[in-house]
Amino acid sequence: MPKIKYKDHRFKSDGAKAIAQASKIIDEYTKQGYQMTLRQLYYQLVARDLFPDDRKWRLVGKKWVRDPTGTKNAEPNYKWLGDLIGHGRMAGLIDWEAIVDLTRRSRGLTHYHSPGHQIVSNIPHYNRSLWDNQDSWPEVWVEKDAVLGVIEQTCINNDVTHFACRGYTSASGLWSAAQRIEKQLKDGKLVTILHLGDHDPSGLHMTLDIERRLREFMEHDMGNDHLSYLVEDCFRVERIALNMDQIESMDLVPNPAKETDARWQWYNNKTGLDEGWEMDVLDPATMNQLIEDAIGDLRDDDLWNEAIAQENAERAQLRALSERWEDVVKLLSKPKKGKNREQS
């Protein structure tokens, strides 16, 4: 992994210490096969109480002010860390590939040097639907796009559709999801949306909003086919994170709940809390294990193994085809015997 020095930078002692601590956390994640976003790195420093003691803050109105009795979980510390990481990268102290920006990705076509190369290159991407022979159909929905990169491989390994809501899901996003779920319900599946979101006024409300709006679409559509009972009996949304038992058992670091949030009073009445928790504070291994466990509860492993065996057999057929591609080309190049009607 590259640490490339482009320029010198003189760090103050607290900045140099934070850079060293951040680099250690990055190495821990890299060894587990994870990349990090800046937000995730920030929450790890907060959770481990690694910000300097003089960087405590209190939000007064819309302005953060220094307060020795305040919190280190504050926007000025996030911005300070972002600047440090930027300088640390340029100084060759932070791995360039370890921190990812999921909002800025390049796009382009994949190229091949022959049809046979295309076949063999895409064998790993030949996928049967491993849930076709199951009674259940799970999907994983997360509140934030940045979290999608953390849980994506677990969802791929379990052949589960995964979706970033990006806050409150758009009407078009929910409508498209409803069409997809309706098909599964009509095929006799028990559909479960596994939802992960912040434990704060909006994050907690989003789980309820997803279920309400999806049901609204599906009850209308399937009511026309006299199948609305399937929506009631065979569809549910299950919130698997963040939940209060997880927050308490892991002793997660809170944020002050935003009283400017329109749902703050609803949240306070429902939970009795005046603080919230962002799901970014969960380490990736914990987040992925929550998903693995929830999916495992919905899956028949014997049927799963049968589907994998069939998929592997069909991938072997594709590999054999790619290895004999020249024979296929020769076969296709042979002139057809006899004349067709247009030639006669």
# chains A, B, ... in the order shown; residues from 1 in each chain; ligands from 1
$ residues_around --residues "range 70-77 of chain A" --least-positions-apart "5" --cutoff "8 Å" --atoms "only C-alpha atoms" --output "MDAnalysis selection string"
chainID A and resid 43 46 49 51 55:58 64 253:255
$ select_by_dssp --residues "range 55-224 of chain A" --states "strand (DSSP E)" --output "MDAnalysis selection string"
chainID A and resid 57:60 63:66 136:142 161:164 190:196
$ write_last_selection --atoms "C-alpha atoms" --output "PDB file, in the first residue's frame"
ATOM      1  CA  TRP A  57     -16.618  21.614  22.218  1.00  0.00           C
ATOM      2  CA  ARG A  58     -20.174  22.694  22.934  1.00  0.00           C
ATOM      3  CA  LEU A  59     -22.740  23.713  20.343  1.00  0.00           C
ATOM      4  CA  VAL A  60     -24.181  27.139  21.147  1.00  0.00           C
ATOM      5  CA  LYS A  63     -21.745  27.727  16.523  1.00  0.00           C
ATOM      6  CA  TRP A  64     -19.255  25.363  18.151  1.00  0.00           C
ATOM      7  CA  VAL A  65     -17.288  26.894  21.037  1.00  0.00           C
ATOM      8  CA  ARG A  66     -14.464  25.428  23.111  1.00  0.00           C
ATOM      9  CA  SER A 136     -37.220 -16.004   1.998  1.00  0.00           C
ATOM     10  CA  TRP A 137     -35.981 -12.979   0.068  1.00  0.00           C
ATOM     11  CA  PRO A 138     -33.884 -10.552   2.169  1.00  0.00           C
ATOM     12  CA  GLU A 139     -32.545  -7.144   1.146  1.00  0.00           C
ATOM     13  CA  VAL A 140     -30.134  -4.910   3.081  1.00  0.00           C
ATOM     14  CA  TRP A 141     -30.851  -1.173   3.161  1.00  0.00           C
ATOM     15  CA  VAL A 142     -28.523   1.350   4.792  1.00  0.00           C
ATOM     16  CA  THR A 161     -29.645  -6.925  -2.939  1.00  0.00           C
ATOM     17  CA  HIS A 162     -28.245  -3.919  -1.059  1.00  0.00           C
ATOM     18  CA  PHE A 163     -29.332  -0.317  -1.292  1.00  0.00           C
ATOM     19  CA  ALA A 164     -28.225   3.044   0.124  1.00  0.00           C
ATOM     20  CA  LEU A 190     -41.277 -13.980   2.515  1.00  0.00           C
ATOM     21  CA  VAL A 191     -39.597 -10.593   1.974  1.00  0.00           C
ATOM     22  CA  THR A 192     -37.567  -8.910   4.728  1.00  0.00           C
ATOM     23  CA  ILE A 193     -35.857  -5.521   4.443  1.00  0.00           C
ATOM     24  CA  LEU A 194     -32.922  -5.464   6.895  1.00  0.00           C
ATOM     25  CA  HIS A 195     -32.422  -1.785   7.692  1.00  0.00           C
ATOM     26  CA  LEU A 196     -29.365  -0.105   9.280  1.00  0.00           C
TER      27      LEU A 196
END
$ closest_residue --among "A:Leu230, A:Val237, A:Leu148, A:Ile19" --to "Leu208 in chain A" --atoms "only C-alpha atoms"
A:Val237
$ closest_residue --among "A:Cys165, A:Met206, A:Leu84, A:Ile99" --to "Ile25 in chain A" --atoms "only C-alpha atoms"
A:Ile99
$ atom_distance --atom1 "CA of Lys183 in chain A" --atom2 "CA of Arg212 in chain A"
18.6 Å
$ closest_atom_pairs --of "range 159-201 of chain A" --to "range 257-280 of chain A" --cutoff "10 Å" --atoms "only C-alpha atoms" --output "JSON lines"
{"residue": "A:Leu196", "atom": "CA", "partner": "A:Met279", "partner_atom": "CA", "distance": 7.7}
{"residue": "A:Gly197", "atom": "CA", "partner": "A:Met279", "partner_atom": "CA", "distance": 6.1}
{"residue": "A:Asp198", "atom": "CA", "partner": "A:Glu278", "partner_atom": "CA", "distance": 4.5}
{"residue": "A:His199", "atom": "CA", "partner": "A:Trp277", "partner_atom": "CA", "distance": 5.0}
{"residue": "A:Asp200", "atom": "CA", "partner": "A:Gly276", "partner_atom": "CA", "distance": 4.4}
{"residue": "A:Pro201", "atom": "CA", "partner": "A:Tyr267", "partner_atom": "CA", "distance": 5.0}
$ closest_residue --among "A:Gly82, A:Gly203, A:Gly33, A:Gly108" --to "Thr169 in chain A" --atoms "only C-alpha atoms"
A:Gly203
$ select_by_dssp --residues "range 108-193 of chain A" --states "alpha helix (DSSP H)" --output "VMD selection string"
chain A and resid 115 to 122 145 to 157 171 to 186
$ closest_residue --among "A:Leu93, A:Leu321, A:Leu130, A:Cys234" --to "Ile156 in chain A" --atoms "only C-alpha atoms"
A:Leu130
$ atom_distance --atom1 "CA of Asp135 in chain A" --atom2 "CA of Asp302 in chain A"
12.5 Å
$ residues_around --residues "Asp283 in chain A" --least-positions-apart "6" --cutoff "12 Å" --atoms "only C-alpha atoms" --output "list in words"
Ile25, Ile26, Glu28, Tyr29, Gln32, Tyr34, Gln35, Met36, Thr37, Arg39, Gln40, Leu41, Tyr42, Tyr43, Gln44, Leu45, Ala47, Arg48, Val147, Val150, Ile151, Met250, Leu252, Gln289 and Leu290 of chain A
$ residues_around --residues "His117 in chain A" --least-positions-apart "2" --cutoff "12 Å" --atoms "only C-alpha atoms" --output "list of chain:residue names"
A:Thr110, A:His111, A:Tyr112, A:His113, A:Ser114, A:Pro115, A:Ile119, A:Val120, A:Ser121, A:Asn122, A:Ile123, A:Leu318, A:Arg319, A:Leu321, A:Ser322, A:Glu323, A:Arg324, A:Trp325, A:Glu326
$ closest_residue --among "A:Asp132, A:Asp225, A:Glu211, A:Asp159" --to "Lys189 in chain A" --atoms "only C-alpha atoms"
A:Asp132
$ atom_distance --atom1 "CA of Gly167 in chain A" --atom2 "CA of Lys144 in chain A"
6.5 Å
